[in-house]
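Chemist: Structure below; questions to follow.
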Amino acid sequence: MKNKKIIIYILISIFIFIILYKEIGKNIIKNKMIEYLENKNYDKSDIKSIDVSHYFINKILSYNEWVIKVVYEDEPTSIYFFTLKNGEIVDDGVSGTTEKEDLKH
């Protein structure tokens with residue numbers, strides 16, 4: 001019975017650590033993304049949304065652990081993807097319904 005309690009406490013601790021890692025990481029990376037965009041001369045009013053996602057499976061498979069999706073106010077039908085590599089924000093592509101030659105960012 002005592003071993004079961006220890007295992008349960010360990011599992012709960014791991015679960016809490018994972019949640020904290022993801023939530024704190026999302027906030028840190030979102031702030032880095034805002035700083036990155038400001039350095040590229042974008043204003044907060046130019047950005048419709050910034051969504052940061054984390055995927056543990058990507059880390060295991062050697063893909064990008066963090067995916068950042070940015071939607072600009074003047075181009076709401078396109079999603080620009082960024083990621084974090086070596087602590088730096090890097091472009092990772094774009095998707096949406098805007099024609100390739102009409103992309104603004």
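Identifiers in this document derive from the order of the structure tokens: chains are assigned A, B, ..., residues are numbered from 1 separately in each chain, and ligands are numbered from 1 in order of occurrence.
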Where does range 18-92 of chain A meet range 1-13 of chain A within 12 Å, residue by residue, with the nearest atom pair and distance in Å to one decimal for each, counting only C-alpha atoms, listed by chain and rising number, as a tab-separated table?

Modeler:
```
residue	atom	partner	partner_atom	distance
A:Ile18	CA	A:Ser13	CA	8.6
A:Ile19	CA	A:Ser13	CA	10.0
A:Leu20	CA	A:Ser13	CA	10.5
```

Chemist: Could you write those residues out with N, CA and C atoms, as a compact mmCIF listing (two decimals), in the first residue's frame?

Modeler:
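To be explicit, this is the file written out as result_38.txt:
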```txt
# COMPACT_ATOMS: atom_id res chain seq x y z
N ILE A 18 5.00 18.67 -15.93
CA ILE A 18 4.73 18.80 -17.37
C ILE A 18 3.82 20.00 -17.64
N ILE A 19 2.79 20.14 -16.85
CA ILE A 19 1.87 21.27 -17.04
C ILE A 19 2.60 22.59 -16.82
N LEU A 20 3.39 22.68 -15.75
CA LEU A 20 4.15 23.91 -15.50
C LEU A 20 5.15 24.20 -16.60
```

Chemist: If we count only C-alpha atoms and set the cut-off at 9 Å, which residues sit around range 53-65 of chain A, ignoring sequence neighbours fewer than 4 positions away in its own chain? Please answer as a count of residues only.

Modeler: 7

Chemist: Between CA of Asn39 in chain A and CA of Glu88 in chain A, what is the distance in Å, rounded to a tenth?

Modeler: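 CA of Glu88 in chain A lies 13.0 Å from CA of Asn39 in chain A.
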
Chemist: Looking only at the backbone, which of the residues in range 24-88 of chain A does DSSP tag as alpha helix (DSSP H), as a PyMOL selection string?

Modeler: chain A and resi 24-39+56-60

Chemist: Of the residues A:Phe15, A:Trp66, A:Phe82, A:Tyr21, which is the one nearest to Leu37 in chain A, using only C-alpha atoms?

Modeler: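 Selected residue with least distance to Leu37 in chain A: A:Phe82.
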
Chemist: Could you check which of A:Leu103, A:Val71, A:Met33, A:Ile47 is closest to Val90 in chain A, using only C-alpha atoms?

Modeler: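 Of all the options, A:Met33 lies closest to Val90 in chain A.
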
Chemist: Nearest to Val67 in chain A among A:Lys30, A:Asp102, A:Ile14, A:Thr97, with distances taken over only C-alpha atoms: which residue is it?

Modeler: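 Under the stated criterion, the closest residue is A:Lys30.
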
Chemist: Running DSSP on the backbone, which parts of chain A land in strand (DSSP E), as a PyMOL selection string?

Modeler: chain A and resi 47-54+66-72+75-85+88-96

Chemist: May I have the selected residues written with C-alpha atoms, as a CSV table (one decimal), in the first residue's frame?

Modeler:
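This went into part-v7.csv:
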```csv
chain,number,residue,atom,x,y,z
A,47,ILE,CA,-0.9,41.1,-35.0
A,48,LYS,CA,-4.3,39.4,-34.8
A,49,SER,CA,-3.1,36.4,-32.8
A,50,ILE,CA,-0.1,34.5,-31.6
A,51,ASP,CA,-0.6,30.9,-30.6
A,52,VAL,CA,2.2,28.8,-29.0
A,53,SER,CA,1.9,25.0,-28.9
A,54,HIS,CA,4.2,22.4,-27.4
A,66,TRP,CA,7.5,24.5,-30.0
A,67,VAL,CA,5.3,25.7,-32.8
A,68,ILE,CA,4.3,29.3,-33.0
A,69,LYS,CA,1.4,30.4,-35.2
A,70,VAL,CA,1.0,34.1,-36.0
A,71,VAL,CA,-1.9,35.6,-37.8
A,72,TYR,CA,-1.6,39.2,-39.0
A,75,GLU,CA,-3.8,38.9,-43.7
A,76,PRO,CA,-6.4,37.0,-41.5
A,77,THR,CA,-6.6,33.9,-43.9
A,78,SER,CA,-2.9,33.0,-43.6
A,79,ILE,CA,-1.0,31.5,-40.7
A,80,TYR,CA,2.7,32.1,-40.4
A,81,PHE,CA,4.6,29.4,-38.6
A,82,PHE,CA,7.7,30.0,-36.5
A,83,THR,CA,9.6,27.8,-34.2
A,84,LEU,CA,12.3,28.0,-31.5
A,85,LYS,CA,15.8,26.7,-32.5
A,88,GLU,CA,16.0,31.8,-31.3
A,89,ILE,CA,12.8,32.4,-33.2
A,90,VAL,CA,13.0,31.2,-36.8
A,91,ASP,CA,10.6,31.2,-39.7
A,92,ASP,CA,9.0,27.8,-40.4
A,93,GLY,CA,6.5,28.4,-43.2
A,94,VAL,CA,3.1,29.7,-44.0
A,95,SER,CA,-0.3,28.2,-44.8
A,96,GLY,CA,-3.7,29.6,-45.7
```
